[in-house]
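For reference, the structure is listed below as structure tokens.
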Amino acid sequence: MSSHLQPVTITTAMKALKIEKTVRGMKKLRESLKETVGFVPTMGYLHDGHLSLVRQAKKENDHVVVSIFVNPTQFGPKEDFNTYPRSIKEDITLLQKASTDVVFLPDVSDLYPKGFETYVSLKNLSSKLEGEIRPGHFTGVATIVTMLFNIIQPTRAYFGQKDAQQVLVIKKMVENLHVPVDIMVGKTIREPDGLAMSSRNVFLSPTQRKQASILFKALLLANQLFESGENQSETIKEEMTRLINSTTGKIDYISIADTETLEELNTIKKSALVSLAVRFGKTRLIDNITLKK
Ligand code: AMP
């Protein structure tokens, strides 16, 4: 994050976008927002997936706050925290165009000061799928989201179905801890060839980018098989695996699980969450689809 940015106000014909960089300043600003507040937490390098959440928040609330913060505690020691793409200036321009009211750009040291030692962790949901491969990831997510909720005190908070397990983790955390916020979920926004938009797509080589649409194709295949009467997860997974293995993508997992508990299902009855993670070189992509009768 560029440290030369000072708190500024960018004025548009319609409304001013306030940029707040400190926790203290954000809390103070929140006090002045008397009506409903929609909140969209992000790690920046914004694309239309993020902006669709901002637009939804705008429709449903009087004020919209977007945070941009690459949260170190949700990255493992060998993960891409340092190389995660950042583009604060472009992000601010996009948010301004989307009529965002406030952008919160905190520093790591403000959110995790010396002596920080409190974490929010979920016992079961966090350890499956993404959590199994990325230990500690969802503790980092639940902790930062809790902090941001406490600072921003939103009426509603917006998350993308693209990160289906994250949605389940946040919903469970909010329910269990009685956090007074409504969790709203936006549908996954895709490129024309079906690839789910993601900040990490920028790292794909042109060949990998072409092949990366295989994730969505495999999910559509699962849906097609289910709709034509196949209910055995193993059979569906085999077909998906065969399709993905026709590319250079390396499968981390394919899961067909209960839509709330994420327990793996052998037989699909009424519904299932099909999710997968595939690596192209160093770039790891995730996607999912819900099967429903
Ligand atoms: P991130 O910046 O990756 O942490 O994402 C911030 C929010 O945007 C999360 O709630 C994501 O689930 C959501 N998001 C990311 N990509 C997409 C997408 N392609 N469609 C919809 N929402 C998305």
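Here, A, B, ... name the chains of the structure tokens in the order displayed, residue numbers run from 1 inside each chain, and ligands are numbered from 1 in the same displayed order.
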Taking only C-alpha atoms and all ligand atoms into account, produce a table as JSON lines in which each residue of chain A with an atom at most 10 Å from an atom of ligand 1 appears once, together with its shortest atom pair and the distance in Å to one decimal, ordered by chain and rising number.
{"residue": "A:Val40", "atom": "CA", "partner": "ligand 1", "partner_atom_place_in_ligand_line": "7 (C)", "distance": 6.9}
{"residue": "A:Pro41", "atom": "CA", "partner": "ligand 1", "partner_atom_place_in_ligand_line": "6 (C)", "distance": 5.7}
{"residue": "A:Thr42", "atom": "CA", "partner": "ligand 1", "partner_atom_place_in_ligand_line": "6 (C)", "distance": 3.8}
{"residue": "A:Met43", "atom": "CA", "partner": "ligand 1", "partner_atom_place_in_ligand_line": "2 (O)", "distance": 3.8}
{"residue": "A:Gly44", "atom": "CA", "partner": "ligand 1", "partner_atom_place_in_ligand_line": "2 (O)", "distance": 5.2}
{"residue": "A:Tyr45", "atom": "CA", "partner": "ligand 1", "partner_atom_place_in_ligand_line": "2 (O)", "distance": 7.1}
{"residue": "A:Leu46", "atom": "CA", "partner": "ligand 1", "partner_atom_place_in_ligand_line": "2 (O)", "distance": 6.9}
{"residue": "A:His47", "atom": "CA", "partner": "ligand 1", "partner_atom_place_in_ligand_line": "16 (N)", "distance": 7.6}
{"residue": "A:Asp48", "atom": "CA", "partner": "ligand 1", "partner_atom_place_in_ligand_line": "19 (N)", "distance": 7.1}
{"residue": "A:Gly49", "atom": "CA", "partner": "ligand 1", "partner_atom_place_in_ligand_line": "20 (N)", "distance": 3.6}
{"residue": "A:His50", "atom": "CA", "partner": "ligand 1", "partner_atom_place_in_ligand_line": "8 (O)", "distance": 4.5}
{"residue": "A:Leu51", "atom": "CA", "partner": "ligand 1", "partner_atom_place_in_ligand_line": "8 (O)", "distance": 8.2}
{"residue": "A:Ser52", "atom": "CA", "partner": "ligand 1", "partner_atom_place_in_ligand_line": "21 (C)", "distance": 6.9}
{"residue": "A:Leu53", "atom": "CA", "partner": "ligand 1", "partner_atom_place_in_ligand_line": "22 (N)", "distance": 6.7}
{"residue": "A:Val54", "atom": "CA", "partner": "ligand 1", "partner_atom_place_in_ligand_line": "8 (O)", "distance": 9.3}
{"residue": "A:Val66", "atom": "CA", "partner": "ligand 1", "partner_atom_place_in_ligand_line": "6 (C)", "distance": 9.7}
{"residue": "A:Ser67", "atom": "CA", "partner": "ligand 1", "partner_atom_place_in_ligand_line": "6 (C)", "distance": 9.2}
{"residue": "A:Ile68", "atom": "CA", "partner": "ligand 1", "partner_atom_place_in_ligand_line": "2 (O)", "distance": 7.7}
{"residue": "A:Phe69", "atom": "CA", "partner": "ligand 1", "partner_atom_place_in_ligand_line": "2 (O)", "distance": 8.4}
{"residue": "A:Val70", "atom": "CA", "partner": "ligand 1", "partner_atom_place_in_ligand_line": "4 (O)", "distance": 7.9}
{"residue": "A:Asn71", "atom": "CA", "partner": "ligand 1", "partner_atom_place_in_ligand_line": "4 (O)", "distance": 8.9}
{"residue": "A:Val141", "atom": "CA", "partner": "ligand 1", "partner_atom_place_in_ligand_line": "4 (O)", "distance": 9.2}
{"residue": "A:Ala157", "atom": "CA", "partner": "ligand 1", "partner_atom_place_in_ligand_line": "10 (O)", "distance": 9.1}
{"residue": "A:Tyr158", "atom": "CA", "partner": "ligand 1", "partner_atom_place_in_ligand_line": "10 (O)", "distance": 6.3}
{"residue": "A:Phe159", "atom": "CA", "partner": "ligand 1", "partner_atom_place_in_ligand_line": "10 (O)", "distance": 3.3}
{"residue": "A:Gly160", "atom": "CA", "partner": "ligand 1", "partner_atom_place_in_ligand_line": "12 (O)", "distance": 3.4}
{"residue": "A:Gln161", "atom": "CA", "partner": "ligand 1", "partner_atom_place_in_ligand_line": "12 (O)", "distance": 5.7}
{"residue": "A:Lys162", "atom": "CA", "partner": "ligand 1", "partner_atom_place_in_ligand_line": "12 (O)", "distance": 5.0}
{"residue": "A:Asp163", "atom": "CA", "partner": "ligand 1", "partner_atom_place_in_ligand_line": "12 (O)", "distance": 4.5}
{"residue": "A:Ala164", "atom": "CA", "partner": "ligand 1", "partner_atom_place_in_ligand_line": "12 (O)", "distance": 7.4}
{"residue": "A:Gln165", "atom": "CA", "partner": "ligand 1", "partner_atom_place_in_ligand_line": "12 (O)", "distance": 9.4}
{"residue": "A:Gln166", "atom": "CA", "partner": "ligand 1", "partner_atom_place_in_ligand_line": "12 (O)", "distance": 7.4}
{"residue": "A:Val167", "atom": "CA", "partner": "ligand 1", "partner_atom_place_in_ligand_line": "10 (O)", "distance": 7.6}
{"residue": "A:Met184", "atom": "CA", "partner": "ligand 1", "partner_atom_place_in_ligand_line": "10 (O)", "distance": 9.6}
{"residue": "A:Val185", "atom": "CA", "partner": "ligand 1", "partner_atom_place_in_ligand_line": "10 (O)", "distance": 8.0}
{"residue": "A:Gly186", "atom": "CA", "partner": "ligand 1", "partner_atom_place_in_ligand_line": "21 (C)", "distance": 5.9}
{"residue": "A:Lys187", "atom": "CA", "partner": "ligand 1", "partner_atom_place_in_ligand_line": "21 (C)", "distance": 5.5}
{"residue": "A:Thr188", "atom": "CA", "partner": "ligand 1", "partner_atom_place_in_ligand_line": "20 (N)", "distance": 3.5}
{"residue": "A:Ile189", "atom": "CA", "partner": "ligand 1", "partner_atom_place_in_ligand_line": "20 (N)", "distance": 3.8}
{"residue": "A:Arg190", "atom": "CA", "partner": "ligand 1", "partner_atom_place_in_ligand_line": "19 (N)", "distance": 5.7}
{"residue": "A:Glu191", "atom": "CA", "partner": "ligand 1", "partner_atom_place_in_ligand_line": "19 (N)", "distance": 8.4}
{"residue": "A:Leu195", "atom": "CA", "partner": "ligand 1", "partner_atom_place_in_ligand_line": "19 (N)", "distance": 8.3}
{"residue": "A:Ala196", "atom": "CA", "partner": "ligand 1", "partner_atom_place_in_ligand_line": "19 (N)", "distance": 4.7}
{"residue": "A:Met197", "atom": "CA", "partner": "ligand 1", "partner_atom_place_in_ligand_line": "19 (N)", "distance": 3.7}
{"residue": "A:Ser198", "atom": "CA", "partner": "ligand 1", "partner_atom_place_in_ligand_line": "16 (N)", "distance": 4.9}
{"residue": "A:Ser199", "atom": "CA", "partner": "ligand 1", "partner_atom_place_in_ligand_line": "3 (O)", "distance": 6.4}
{"residue": "A:Arg200", "atom": "CA", "partner": "ligand 1", "partner_atom_place_in_ligand_line": "3 (O)", "distance": 8.3}
{"residue": "A:Ile286", "atom": "CA", "partner": "ligand 1", "partner_atom_place_in_ligand_line": "16 (N)", "distance": 10.0}
{"residue": "A:Asp287", "atom": "CA", "partner": "ligand 1", "partner_atom_place_in_ligand_line": "19 (N)", "distance": 9.0}
query: Could you name the residues that touch A:Leu285 at 12 Å or less, counting only C-alpha atoms, but leaving out those on the same chain fewer than 2 positions away, as an MDAnalysis selection string?
result: chainID A and resid 130 162:163 195:204 208:209 211:216 249:253 275:283 287:288
Between A:Ile151, A:Asp258, A:Leu177, A:Thr247, smallest distance to A:Lys28 by only C-alpha atoms belongs to A:Ile151
| message | Excluding stretch 113-121 of chain A and its own-chain neighbours fewer than 4 positions away, which residues fall within 7 Å of it when counting only C-alpha atoms? Please give them as a PyMOL selection string. | response | chain A and resi 109+139+142-143
(request) Write down as a PyMOL selection string the residues belonging to stretch 15-209 of chain A that are assigned alpha helix (DSSP H) by DSSP computed on the backbone. (result) chain A and resi 23-32+48-60+88-97+108-111+129-133+137-152+164-176+206-209
Rounded to one decimal place, report the atom CA of A:Val169-atom CA of A:Ile92 distance in Å.
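These atoms are spaced 28.4 Å apart.
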Residue with smallest distance to A:Asn266 - pool A:Arg284, A:Lys237, A:Lys15, A:Lys123, counting only C-alpha atoms:
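Nearest to A:Asn266: A:Lys237.
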Atomic separation - atom CA of A:Leu148 relative to atom CA of A:Lys34, Å: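 Computing it gives 18.1 Å between the two atoms.
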